[in-house]
Structures are given as C-alpha cells and as structure tokens.
$ cat query18.txt   # compact mmCIF, C-alpha atoms
# COMPACT_ATOMS: atom_id res chain seq x y z
CA MET A 23 37.20 -95.42 -47.43
CA SER A 24 33.83 -95.12 -49.15
CA GLY A 25 33.52 -92.91 -52.19
CA ALA A 26 31.07 -90.05 -52.38
CA LEU A 27 28.91 -92.09 -54.77
CA SER A 28 29.27 -95.48 -53.08
CA GLY A 29 26.02 -97.42 -53.40
CA VAL A 30 25.05 -95.76 -56.69
CA LEU A 31 24.60 -98.26 -59.53
CA ILE A 32 24.99 -96.91 -63.07
CA ALA A 33 23.84 -98.82 -66.15
CA ASP A 34 26.14 -97.47 -68.84
CA PHE A 35 24.79 -98.05 -72.36
CA SER A 36 27.10 -95.40 -73.85
CA ARG A 37 30.15 -95.85 -76.01
CA VAL A 38 33.11 -93.98 -77.51
CA LEU A 39 33.83 -90.84 -75.46
CA ALA A 40 31.28 -88.41 -74.01
CA GLY A 41 29.24 -91.01 -72.13
CA PRO A 42 32.14 -93.24 -71.05
CA TYR A 43 34.09 -90.21 -69.83
CA ALA A 44 31.14 -89.10 -67.71
CA THR A 45 30.59 -92.55 -66.22
CA MET A 46 34.31 -93.03 -65.50
CA LEU A 47 34.38 -89.79 -63.51
CA LEU A 48 31.38 -91.00 -61.52
CA ALA A 49 32.97 -94.42 -61.06
CA ASP A 50 36.09 -92.76 -59.66
CA MET A 51 33.84 -91.21 -57.04
CA GLY A 52 32.65 -94.65 -55.94
CA ALA A 53 29.71 -95.45 -58.20
CA GLU A 54 29.38 -99.02 -59.47
CA VAL A 55 29.26 -98.78 -63.26
CA VAL A 56 28.14 -101.66 -65.46
CA LYS A 57 29.24 -101.06 -69.03
CA VAL A 58 26.84 -102.70 -71.49
CA GLU A 59 28.61 -103.56 -74.75
CA ARG A 60 27.68 -105.32 -77.94
CA PRO A 61 28.91 -108.92 -78.21
CA GLY A 62 31.97 -109.64 -80.29
CA THR A 63 33.48 -106.20 -80.66
CA GLY A 64 32.27 -104.16 -77.71
CA ASP A 65 32.78 -100.41 -77.53
CA ASP A 66 34.11 -98.99 -80.80
CA THR A 67 37.16 -97.57 -79.04
CA ARG A 68 38.42 -101.04 -78.16
CA GLU A 69 39.63 -101.11 -81.78
CA TRP A 70 40.82 -97.50 -82.01
CA GLY A 71 44.56 -98.08 -82.06
CA PRO A 72 47.46 -97.80 -82.21
CA PRO A 73 48.70 -96.98 -79.65
CA TYR A 74 48.01 -100.00 -77.45
CA GLY A 75 48.52 -100.71 -73.76
CA PRO A 76 50.55 -103.52 -72.19
CA GLU A 77 47.83 -106.13 -72.79
CA GLY A 78 47.12 -105.06 -76.35
CA GLN A 79 44.08 -102.91 -75.57
CA ALA A 80 43.70 -99.58 -77.37
CA THR A 81 44.80 -96.74 -75.13
CA TYR A 82 41.78 -94.74 -76.33
CA PHE A 83 39.52 -97.27 -74.61
CA LEU A 84 41.79 -97.51 -71.57
CA GLY A 85 41.59 -93.75 -71.07
CA VAL A 86 37.86 -93.57 -70.27
CA ASN A 87 36.77 -96.95 -68.90
CA ARG A 88 38.51 -97.71 -65.60
CA ASN A 89 36.55 -98.71 -62.50
CA LYS A 90 33.83 -100.32 -64.63
CA ARG A 91 32.40 -103.78 -65.06
CA SER A 92 31.56 -105.09 -68.54
CA ILE A 93 28.73 -107.25 -69.79
CA ALA A 94 28.12 -108.09 -73.44
CA LEU A 95 24.46 -107.97 -74.42
CA ASP A 96 22.65 -108.11 -77.73
CA LEU A 97 20.04 -105.49 -76.91
CA ARG A 98 17.66 -106.89 -79.51
CA ALA A 99 17.75 -110.34 -77.94
CA ASP A 100 18.84 -109.89 -74.31
CA THR A 101 16.16 -107.33 -73.48
CA GLU A 102 15.20 -109.13 -70.28
CA VAL A 103 18.64 -108.72 -68.71
CA ALA A 104 19.03 -105.15 -69.98
CA THR A 105 15.62 -104.20 -68.61
CA ALA A 106 16.36 -105.83 -65.25
CA LEU A 107 19.61 -103.88 -65.02
CA ALA A 108 17.86 -100.60 -65.79
CA ALA A 109 15.14 -101.40 -63.27
CA ARG A 110 17.77 -101.96 -60.60
CA ALA A 111 20.00 -99.00 -61.48
CA ASP A 112 20.07 -95.55 -59.93
CA VAL A 113 21.36 -94.01 -63.15
CA LEU A 114 21.20 -95.00 -66.81
CA VAL A 115 23.43 -93.33 -69.40
CA GLU A 116 22.98 -93.77 -73.16
CA ASN A 117 24.17 -92.02 -76.30
CA PHE A 118 22.39 -93.90 -79.08
CA LYS A 119 20.74 -92.01 -81.90
CA PRO A 120 17.45 -90.59 -80.57
CA GLY A 121 14.66 -93.16 -80.73
CA THR A 122 16.93 -96.20 -80.58
CA MET A 123 16.41 -96.93 -76.89
CA ASP A 124 12.64 -96.61 -77.33
CA ARG A 125 12.70 -99.16 -80.14
CA LEU A 126 14.68 -101.51 -77.91
CA GLY A 127 12.11 -101.21 -75.13
CA LEU A 128 14.58 -99.27 -72.98
CA GLY A 129 13.20 -95.76 -73.42
CA TYR A 130 12.73 -93.35 -70.55
CA GLU A 131 8.94 -93.45 -70.40
CA ARG A 132 8.86 -97.24 -70.08
CA LEU A 133 11.72 -97.47 -67.60
CA ARG A 134 10.41 -94.74 -65.32
CA GLU A 135 7.31 -96.88 -64.79
CA LEU A 136 9.53 -99.78 -63.70
CA ASN A 137 11.93 -97.59 -61.73
CA PRO A 138 10.44 -94.22 -60.67
CA GLY A 139 13.70 -93.14 -59.06
CA LEU A 140 15.80 -93.68 -62.18
CA VAL A 141 18.01 -90.83 -63.38
CA TYR A 142 18.05 -91.34 -67.16
CA CYS A 143 20.76 -89.44 -69.01
CA SER A 144 20.62 -89.16 -72.79
CA ILE A 145 23.60 -87.74 -74.67
CA THR A 146 22.96 -86.68 -78.27
CA GLY A 147 24.77 -84.80 -80.96
CA PHE A 148 22.11 -82.22 -81.76
CA GLY A 149 19.11 -82.88 -79.53
CA THR A 150 15.99 -84.96 -79.98
CA GLY A 151 14.05 -82.59 -82.26
CA GLU A 152 14.98 -81.47 -85.75
CA GLY A 153 18.60 -82.46 -85.17
CA ALA A 154 17.85 -86.01 -84.07
CA GLY A 155 19.00 -87.51 -87.35
CA LEU A 156 22.34 -85.71 -87.49
CA PRO A 157 25.43 -87.79 -86.68
CA GLY A 158 26.85 -86.99 -83.24
CA TYR A 159 30.56 -86.88 -84.02
CA ASP A 160 32.89 -84.50 -82.21
CA LEU A 161 34.52 -83.25 -85.42
CA ILE A 162 31.11 -82.41 -86.91
CA ALA A 163 30.13 -80.55 -83.75
CA GLN A 164 33.39 -78.59 -83.77
CA ALA A 165 32.70 -77.58 -87.37
CA VAL A 166 29.03 -76.63 -87.27
CA GLY A 167 29.14 -75.39 -83.68
CA GLY A 168 31.62 -72.61 -84.38
CA LEU A 169 34.71 -73.90 -82.58
CA MET A 170 36.71 -74.38 -85.76
CA SER A 171 35.81 -70.85 -86.90
CA VAL A 172 37.68 -69.37 -83.92
CA THR A 173 40.59 -71.85 -83.95
CA GLY A 174 43.62 -71.59 -86.21
CA GLU A 175 45.15 -68.78 -88.20
CA PRO A 176 43.03 -65.86 -89.45
CA GLU A 177 43.38 -66.78 -93.13
CA GLY A 178 43.11 -70.52 -92.61
CA PRO A 179 40.17 -72.86 -93.25
CA GLY A 180 39.48 -73.43 -89.55
CA THR A 181 41.21 -75.92 -87.29
CA LYS A 182 39.86 -78.53 -84.94
CA ALA A 183 41.09 -78.77 -81.38
CA GLY A 184 43.81 -81.37 -80.88
CA VAL A 185 41.52 -83.57 -78.79
CA ALA A 186 37.80 -84.45 -79.03
CA LEU A 187 37.10 -81.48 -76.81
CA VAL A 188 33.36 -81.27 -77.42
CA ASP A 189 32.88 -84.88 -76.34
CA VAL A 190 34.84 -84.22 -73.16
CA ILE A 191 32.89 -81.05 -72.36
CA THR A 192 29.61 -82.84 -73.01
CA GLY A 193 30.69 -85.66 -70.72
CA LEU A 194 31.40 -83.13 -67.98
CA HIS A 195 27.98 -81.55 -68.46
CA ALA A 196 26.37 -84.98 -68.36
CA SER A 197 28.06 -85.86 -65.07
CA LEU A 198 26.98 -82.51 -63.60
CA GLY A 199 23.39 -83.07 -64.70
CA ILE A 200 23.40 -86.59 -63.25
CA LEU A 201 24.68 -85.37 -59.89
CA ALA A 202 22.04 -82.63 -59.78
CA ALA A 203 19.32 -85.17 -60.60
CA LEU A 204 20.59 -87.55 -57.90
CA ARG A 205 20.46 -84.71 -55.38
CA HIS A 206 16.86 -84.03 -56.38
CA ARG A 207 16.03 -87.74 -56.11
CA ASP A 208 17.55 -87.89 -52.64
CA GLU A 209 15.18 -85.12 -51.59
CA SER A 210 12.05 -86.17 -53.46
CA GLY A 211 12.46 -89.85 -54.29
CA ALA A 212 11.74 -89.08 -57.94
CA GLY A 213 14.12 -89.58 -60.83
CA GLN A 214 14.12 -87.52 -63.99
CA ARG A 215 15.50 -87.34 -67.49
CA VAL A 216 18.79 -85.54 -68.10
CA GLU A 217 19.53 -84.46 -71.67
CA VAL A 218 22.75 -82.99 -72.99
CA SER A 219 23.91 -82.46 -76.56
CA LEU A 220 27.26 -81.83 -78.19
CA LEU A 221 26.05 -78.63 -79.85
CA SER A 222 24.52 -77.06 -76.74
CA SER A 223 27.52 -78.04 -74.64
CA LEU A 224 29.91 -76.49 -77.14
CA LEU A 225 27.96 -73.22 -77.37
CA SER A 226 28.08 -72.96 -73.58
CA ALA A 227 31.79 -73.77 -73.51
CA LEU A 228 32.59 -71.09 -76.08
CA THR A 229 31.98 -68.67 -73.18
CA ASN A 230 33.36 -65.24 -74.12
CA HIS A 231 33.02 -65.91 -77.85
CA ALA A 232 29.44 -67.10 -77.49
CA SER A 233 28.67 -64.19 -75.17
CA ALA A 234 30.06 -61.76 -77.73
CA TYR A 235 27.46 -63.00 -80.18
CA ALA A 236 24.55 -63.46 -77.76
CA ALA A 237 25.00 -60.11 -76.02
CA ALA A 238 26.46 -57.90 -78.75
CA GLY A 239 25.88 -59.63 -82.08
CA VAL A 240 29.64 -59.87 -82.66
CA VAL A 241 30.80 -62.86 -84.71
CA PRO A 242 34.33 -63.75 -83.51
CA ARG A 243 36.94 -64.96 -85.98
CA ALA A 244 40.09 -67.03 -85.69
CA MET A 245 43.09 -65.08 -84.44
CA GLY A 246 45.70 -67.80 -84.22
CA ASN A 247 47.22 -67.74 -80.74
CA ARG A 248 46.07 -64.20 -80.05
CA HIS A 249 43.27 -63.15 -77.71
CA PRO A 250 40.58 -60.77 -79.01
CA SER A 251 40.33 -58.82 -75.76
CA ILE A 252 43.67 -59.11 -73.92
CA VAL A 253 47.21 -58.02 -74.89
CA PRO A 254 49.82 -59.45 -74.37
CA TYR A 255 48.14 -62.86 -74.33
CA GLU A 256 49.71 -65.04 -77.02
CA VAL A 257 52.79 -66.94 -78.18
CA PHE A 258 56.13 -65.18 -78.35
CA GLY A 259 59.58 -66.25 -79.52
CA ALA A 260 62.31 -66.82 -76.95
CA ALA A 261 65.90 -67.53 -77.95
CA ASP A 262 65.33 -71.27 -78.41
CA ARG A 263 61.60 -71.99 -78.61
CA PRO A 264 58.19 -70.38 -78.18
CA ILE A 265 56.81 -69.20 -74.86
CA VAL A 266 53.28 -68.14 -73.95
CA ILE A 267 52.70 -64.95 -71.98
CA ALA A 268 49.29 -64.10 -70.55
CA ALA A 269 49.44 -60.69 -68.87
CA GLY A 270 45.78 -60.25 -68.01
CA ASN A 271 45.91 -56.85 -66.32
CA ASP A 272 47.92 -53.63 -66.20
CA ARG A 273 49.87 -54.63 -63.08
CA GLN A 274 51.06 -57.84 -64.73
CA PHE A 275 52.03 -55.89 -67.85
CA ARG A 276 54.15 -53.53 -65.80
CA SER A 277 55.80 -56.49 -64.08
CA LEU A 278 56.49 -58.02 -67.50
CA CYS A 279 58.15 -54.84 -68.73
CA ALA A 280 60.31 -54.65 -65.59
CA ALA A 281 61.41 -58.29 -65.93
CA LEU A 282 62.21 -57.70 -69.61
CA GLU A 283 64.22 -54.58 -68.62
CA ARG A 284 61.95 -52.51 -70.84
CA PRO A 285 60.33 -50.03 -68.42
CA ASP A 286 59.89 -47.67 -71.34
CA LEU A 287 57.09 -49.90 -72.66
CA ALA A 288 55.17 -49.60 -69.40
CA GLY A 289 55.53 -45.84 -69.55
CA ASP A 290 54.40 -45.55 -73.17
CA ALA A 291 50.88 -44.09 -73.40
CA ARG A 292 50.11 -46.44 -76.30
CA TYR A 293 50.39 -49.36 -73.90
CA ALA A 294 49.17 -47.85 -70.63
CA THR A 295 45.89 -49.79 -70.48
CA ASN A 296 44.68 -53.11 -71.81
CA ALA A 297 42.29 -51.39 -74.22
CA ALA A 298 45.18 -49.30 -75.54
CA ARG A 299 47.37 -52.38 -75.89
CA VAL A 300 44.67 -54.17 -77.88
CA ALA A 301 44.58 -51.21 -80.28
CA ALA A 302 48.37 -51.12 -80.54
CA ARG A 303 48.89 -54.87 -80.50
CA ASP A 304 51.12 -55.14 -83.59
CA THR A 305 53.74 -52.62 -82.50
CA LEU A 306 53.83 -53.91 -78.93
CA VAL A 307 54.30 -57.53 -80.01
CA VAL A 308 57.32 -56.55 -82.12
CA GLU A 309 58.95 -54.91 -79.11
CA LEU A 310 58.20 -57.81 -76.80
CA ASN A 311 59.61 -60.35 -79.23
CA LYS A 312 62.84 -58.33 -79.47
CA ALA A 313 63.25 -58.40 -75.71
CA LEU A 314 62.33 -62.06 -75.34
CA SER A 315 64.88 -63.17 -77.94
CA ALA A 316 67.65 -62.49 -75.41
CA ARG A 317 66.97 -65.58 -73.24
CA THR A 318 65.71 -69.14 -73.55
CA ALA A 319 62.11 -70.11 -72.84
CA ASP A 320 63.07 -71.91 -69.63
CA GLU A 321 65.04 -68.88 -68.43
CA TRP A 322 62.10 -66.61 -69.11
CA PHE A 323 59.70 -69.09 -67.48
CA GLU A 324 61.70 -68.87 -64.24
CA ARG A 325 62.36 -65.15 -64.41
CA LEU A 326 58.82 -64.08 -65.35
CA SER A 327 57.16 -66.50 -62.93
CA GLU A 328 59.20 -65.01 -60.09
CA ALA A 329 57.95 -61.60 -61.21
CA GLY A 330 54.34 -62.75 -61.07
CA VAL A 331 53.82 -62.78 -64.84
CA PRO A 332 51.71 -65.73 -66.09
CA CYS A 333 53.76 -67.57 -68.69
CA GLY A 334 55.02 -70.94 -69.80
CA PRO A 335 56.83 -72.77 -72.60
CA ILE A 336 54.83 -74.85 -75.09
CA ASN A 337 55.33 -78.38 -73.75
CA ASP A 338 54.64 -81.72 -75.35
CA LEU A 339 52.71 -84.28 -73.30
CA ALA A 340 55.84 -85.80 -71.79
CA ALA A 341 56.97 -82.40 -70.52
CA ALA A 342 53.45 -81.57 -69.35
CA PHE A 343 53.26 -84.73 -67.22
CA SER A 344 56.75 -84.04 -65.90
CA LEU A 345 55.75 -80.52 -64.89
CA ALA A 346 52.62 -81.75 -63.12
CA GLU A 347 54.72 -84.33 -61.28
CA ASP A 348 57.26 -81.70 -60.26
CA LEU A 349 54.43 -79.53 -58.94
CA GLY A 350 53.12 -82.36 -56.77
CA LEU A 351 49.91 -82.85 -58.72
CA ALA A 352 50.36 -86.63 -59.13
CA PRO A 353 48.97 -86.65 -62.69
CA ALA A 354 49.21 -90.40 -63.33
CA VAL A 355 48.26 -93.54 -61.45
CA ASP A 356 48.90 -97.23 -61.99
CA VAL A 357 45.82 -99.45 -61.85
CA ASP A 358 46.90 -103.08 -61.83
CA GLY A 359 49.66 -102.40 -64.32
CA VAL A 360 47.64 -100.05 -66.54
CA GLY A 361 48.83 -96.46 -66.61
CA GLN A 362 45.98 -93.99 -66.13
CA VAL A 363 45.52 -90.24 -65.99
CA ALA A 364 44.46 -89.34 -62.47
CA ASN A 365 41.04 -87.89 -61.78
CA PRO A 366 41.64 -84.13 -61.46
CA VAL A 367 39.10 -83.61 -58.65
CA ARG A 368 40.49 -83.67 -55.12
CA LEU A 369 38.09 -84.39 -52.27
CA SER A 370 39.37 -84.23 -48.70
CA ALA A 371 36.92 -86.74 -47.19
CA THR A 372 35.95 -88.99 -50.11
CA PRO A 373 38.74 -88.84 -52.70
CA PRO A 374 38.56 -90.60 -56.06
CA SER A 375 39.65 -94.24 -56.01
CA TYR A 376 41.14 -96.52 -58.62
CA ARG A 377 39.68 -99.94 -57.90
CA ARG A 378 39.75 -101.74 -61.23
CA PRO A 379 41.51 -101.36 -64.59
CA PRO A 380 39.38 -101.00 -67.72
CA PRO A 381 37.51 -104.28 -68.20
CA THR A 382 37.89 -106.89 -70.88
CA LEU A 383 34.76 -107.39 -72.93
CA GLY A 384 32.05 -109.21 -70.99
CA GLN A 385 34.29 -110.10 -68.05
CA ASP A 386 31.63 -109.35 -65.41
CA GLU A 387 28.60 -111.15 -66.86
CA ALA A 388 28.41 -113.57 -63.93
CA TRP A 389 28.60 -110.73 -61.40
CA VAL A 390 25.87 -108.73 -63.15
CA ARG A 391 23.56 -111.71 -63.46
CA GLU A 392 24.12 -112.52 -59.79
CA ILE A 393 23.09 -109.08 -58.55
CA LEU A 394 20.05 -109.26 -60.83
CA GLY A 395 19.14 -112.74 -59.59
CA ARG A 396 19.42 -114.22 -63.07

$ encode --input "query18.txt" --output "structure tokens"
Amino acid sequence: MSGALSGVLIADFSRVLAGPYATMLLADMGAEVVKVERPGTGDDTREWGPPYGPEGQATYFLGVNRNKRSIALDLRADTEVATALAARADVLVENFKPGTMDRLGLGYERLRELNPGLVYCSITGFGTGEGAGLPGYDLIAQAVGGLMSVTGEPEGPGTKAGVALVDVITGLHASLGILAALRHRDESGAGQRVEVSLLSSLLSALTNHASAYAAAGVVPRAMGNRHPSIVPYEVFGAADRPIVIAAGNDRQFRSLCAALERPDLAGDARYATNAARVAARDTLVVELNKALSARTADEWFERLSEAGVPCGPINDLAAAFSLAEDLGLAPAVDVDGVGQVANPVRLSATPPSYRRPPPTLGQDEAWVREILGR
C-alpha cells in the first residue's frame, strides 16, 4: 500500500529534535527521507545516552529517525553531492543557525534557481532577524517564551516541561507548513520557503494563556496543577495516590458530586456555576479531597468514568503505554527489532508505515549516490 506522501523526496539537513521529528512524521506517511549527517559523529542525538537500544544506539536518536536513509557529508567539502540532492528533492529541511546554509552554497535563493519546485523549510530558534544569533535550544525557548512562567508551583522559580515540548510543537508546525506548501506546489508548480521558529511556535501553543495576554492584557502566572478558568480541574488525593479530575462544565460537576455521594455540593450556591466555583475554589477543593480520600485512585477512575466525569490517575510511562494498549490504541511498534512509538495519526486509506529502523551513520551513501547518478 502506497503512503500518502509516496514519491516525495526529502533532503533532511536537520538534527536533534524539531526537524528530525517533522521529517520522521512525513517519512511515516511514505516520503523518502535522506538524512544528511556530519561524518564521524552524525546527529548530536546519536550520543545522547543512556538509555541505549538493543544495538547500542541512543534511544533519543531512535525516537525520531525511523524510515530514513543516512548519508554522511562534509558540507564544506561535499557541496556537489549536497547540491545535487537538494536539486533533486521535493522538500529540504534545515535547522542550522540562520545564514549557515547560505555560506555553504545551499541557501534558498540559490537552490530555488536550480529547483523551482523546491519546498525549503527553515527551522530556527528565534527567527532570521534580530533573533538570528540566539541559540535555538528548547530549554531557552521555554524560559524566554513564557512556558516556564506558567508551569510549576505559584511560589516556585518556574519549571520546564518534562519533555522538549517546544521542539516537538515546532516540528509539528514545520510538517504542517511543508504539507501546505506541497499542496500549493501541486496546484501551481512553484515551491516556496517555509519558516518556523521555536518562539513563535510556543506562543501559538500557549493558546488560552497567550490569548489572555493578546486579547485582555492579562499576564498568567503558574498555578501548579490548577486551571485558571475551570474548577474542579486539578490533582486531588485519593486513598492511595493522586488522581486528576477535569470537570469542564456544570453537568459534569453535578455528576461528580453524585458519584462522590455529595449532592449537597451540587446544590450549594457557591458552587452552582463554573465562575462561582473558580471564586470559591479553595473551599470546594477541601470538600472534594475529603470525599475522594474514601477510595483508591483506580476505584475512583472506574466509578467516575462510568458517571461521565473526566478523570484519571497519574501514570508513569509504563502504565501509560499499558493503558493505551488496553484501549486498543496500539501505541508501540517493532521495526526490525527496534521498539518505536507508533505514529498517532490514523489514515483509513494510506496509513503510516514502518519500513526501516533508524539508520546507522552513512549506511545509505551508495543508494543516494545512485539516485543522483554519482
């Protein structure tokens, strides 16, 4: 079965996370991705371990590089091969510091002359203007982009997300931009430049927080596990471990109170509406914690779920994968002996495929040179 992007050739000059994540998602959809790496060491994440996979490769690298081919090129010396690959490609993805690709003779303006249909995606930390010289690291973006200011406890110094979330979000935006540009090229025959940055992607992903500032001038602050606009929507204490409850409307709140055998809370005027509950958050949370202490988190998960109340225990990754498996979501796949997280997108006619495990450094040089006639 052909993938949705079968026949699309992607020259992937990116490394670490945002770019490789984007190109892996596109590769899962059938695109042929050639990962261009520096000789000797390759992508930085090849060395980012432990942990390591069965063949000694860092699991960080394994997580974002399946379905790709690898060629090792010194871009200062092997410009002929790199240029030929770009001239042949449908898409080029790069996340060097702005100006680097131009100095290597692989900038957009030069390559569009050689390949007018090329979709050229540049991923930066802070754009190509005044922020061009700033280092594009996820942690820096989380700090200066406001994410850490709304994460963690109210009196804390700010906390980063537990994963390089900004890189992942930026990779998703990059893949979306690439697909839109390919659609335009299919209609017009013309490629274009796609630009995404960590900072812009983060500000977009901050959604309600960013909207609070843009539309109302409100600067949100960290609230721990609480929600600024919804109550109850936070972590509570069951008899054995924490459980999250997210009652997003009045009907769900009434269902929660019934399941907790506390109908008096639903009938209390202080808690009758979400706005009222936000104002009376502290007293309501005390009452809910008292009721929840009577049963275990798993018991409440079953009982509240049956009542239509959104909730769930705080799982570790092992429990999270087990839950997804139990729900029939098939969260993991085996690709030639390498465990992989499944692509989350389901397509009925052209589903994602898992054709090759993450490549060893330079393993496909002969194949690349053959398709380029070199």

$ atom_distance --input "query18.txt" --atom1 "atom CA of A:Gly246" --atom2 "atom CA of A:Thr181"
9.8 Å

$ closest_residue --input "query18.txt" --among "A:Val357, A:Val331, A:Ala33, A:Ala364" --to "A:Val115" --atoms "all atoms listed in the file"
A:Ala33

$ residues_around --input "query18.txt" --residues "A:Val307" --least-positions-apart "3" --cutoff "10 Å" --atoms "all atoms listed in the file" --output "MDAnalysis selection string"
chainID A and resid 253:258 299 302:304 310:313

$ closest_residue --input "query18.txt" --among "A:Ser210, A:Thr45, A:Asn87, A:Ser36" --to "A:Ile145" --atoms "only C-alpha atoms"
A:Ser36

$ residues_around --input "query18.txt" --residues "stretch 128-140 of chain A" --least-positions-apart "2" --cutoff "7 Å" --atoms "only C-alpha atoms" --output "list of chain:residue names"
A:Thr105, A:Ala109, A:Ala111, A:Asp112, A:Val113, A:Met123, A:Asp124, A:Leu126, A:Tyr142, A:Arg207, A:Gly211, A:Ala212, A:Gly213, A:Gln214

$ atom_distance --input "query18.txt" --atom1 "atom CA of A:Leu156" --atom2 "atom CA of A:Ser144"
15.2 Å

$ closest_residue --input "query18.txt" --among "A:Gln362, A:Ser315, A:Gln164, A:Thr101" --to "A:Leu220" --atoms "only C-alpha atoms"
A:Gln164

$ residues_near_point --input "query18.txt" --point "(35.5, -84.8, -47.6)" --cutoff "12 Å" --atoms "all atoms listed in the file" --output "list in words"
Met23, Ser24, Gly25, Ala26, Met51, Val367, Arg368, Leu369, Ser370, Ala371, Thr372, Pro373 and Pro374 of chain A

$ atom_distance --input "query18.txt" --atom1 "atom CA of A:Glu59" --atom2 "atom CA of A:Leu394"
17.3 Å

$ residues_around --input "query18.txt" --residues "A:Val166" --least-positions-apart "2" --cutoff "12 Å" --atoms "all atoms listed in the file" --output "JSON, numbers by chain"
{"A": [147, 148, 156, 157, 158, 159, 160, 161, 162, 163, 164, 168, 169, 170, 171, 172, 180, 182, 188, 220, 221, 222, 224, 225]}

$ closest_residue --input "query18.txt" --among "A:Ser197, A:Gln385, A:Thr146, A:Ser375" --to "A:Arg88" --atoms "all atoms listed in the file"
A:Ser375

$ axis_aligned_box --input "query18.txt" --around "stretch 24-41 of chain A" --padding-each-side "3 Å" --output "lines of an AutoDock Vina configuration file"
center_x = 28.8
center_y = -93.6
center_z = -63.3
size_x = 16.0
size_y = 16.4
size_z = 34.4

$ residues_around --input "query18.txt" --residues "A:Val300" --least-positions-apart "6" --cutoff "8 Å" --atoms "only C-alpha atoms" --output "short mmCIF file (atom, residue, chain, number, x, y, z; two decimals) with C-alpha atoms, keeping the file's coordinate frame"
data_model
loop_
_atom_site.label_atom_id
_atom_site.label_comp_id
_atom_site.auth_asym_id
_atom_site.auth_seq_id
_atom_site.Cartn_x
_atom_site.Cartn_y
_atom_site.Cartn_z
CA PRO A 250 40.58 -60.77 -79.01
CA SER A 251 40.33 -58.82 -75.76
CA ILE A 252 43.67 -59.11 -73.92
CA VAL A 253 47.21 -58.02 -74.89
#

$ closest_residue --input "query18.txt" --among "A:Ser277, A:Gly64, A:Asp272, A:Glu69" --to "A:Ala294" --atoms "all atoms listed in the file"
A:Asp272

$ residues_around --input "query18.txt" --residues "A:Leu198" --least-positions-apart "5" --cutoff "12 Å" --atoms "only C-alpha atoms" --output "PyMOL selection string"
chain A and resi 44-45+47-48+143+191-193+203-205+216-218+223

$ closest_residue --input "query18.txt" --among "A:Glu324, A:Arg273, A:Gly167, A:Ser344" --to "A:His231" --atoms "all atoms listed in the file"
A:Gly167

$ residues_near_point --input "query18.txt" --point "(64.1, -56.4, -61.8)" --cutoff "12 Å" --atoms "all atoms listed in the file" --output "PyMOL selection string"
chain A and resi 276-285+325-326+328-330

$ decode --input "query18.txt" --residues "stretch 57-78 of chain A" --atoms "C-alpha atoms" --output "short mmCIF file (atom, residue, chain, number, x, y, z; two decimals), in the first residue's frame"
data_model
loop_
_atom_site.label_atom_id
_atom_site.label_comp_id
_atom_site.auth_asym_id
_atom_site.auth_seq_id
_atom_site.Cartn_x
_atom_site.Cartn_y
_atom_site.Cartn_z
CA LYS A 57 19.19 12.32 6.46
CA VAL A 58 22.38 14.29 5.82
CA GLU A 59 24.79 13.98 8.75
CA ARG A 60 28.29 15.13 9.51
CA PRO A 61 30.98 12.46 9.11
CA GLY A 62 32.32 10.76 12.19
CA THR A 63 29.69 11.62 14.76
CA GLY A 64 26.49 12.28 12.84
CA ASP A 65 23.44 13.79 14.51
CA ASP A 66 24.19 15.00 18.04
CA THR A 67 21.49 12.74 19.47
CA ARG A 68 23.37 9.62 18.41
CA GLU A 69 25.49 10.28 21.51
CA TRP A 70 22.69 11.40 23.83
CA GLY A 71 22.54 8.39 26.12
CA PRO A 72 21.93 6.48 28.24
CA PRO A 73 19.49 4.88 27.73
CA TYR A 74 20.52 2.84 24.69
CA GLY A 75 18.65 0.48 22.38
CA PRO A 76 19.46 -3.17 21.63
CA GLU A 77 22.27 -2.28 19.21
CA GLY A 78 23.82 0.36 21.45
#
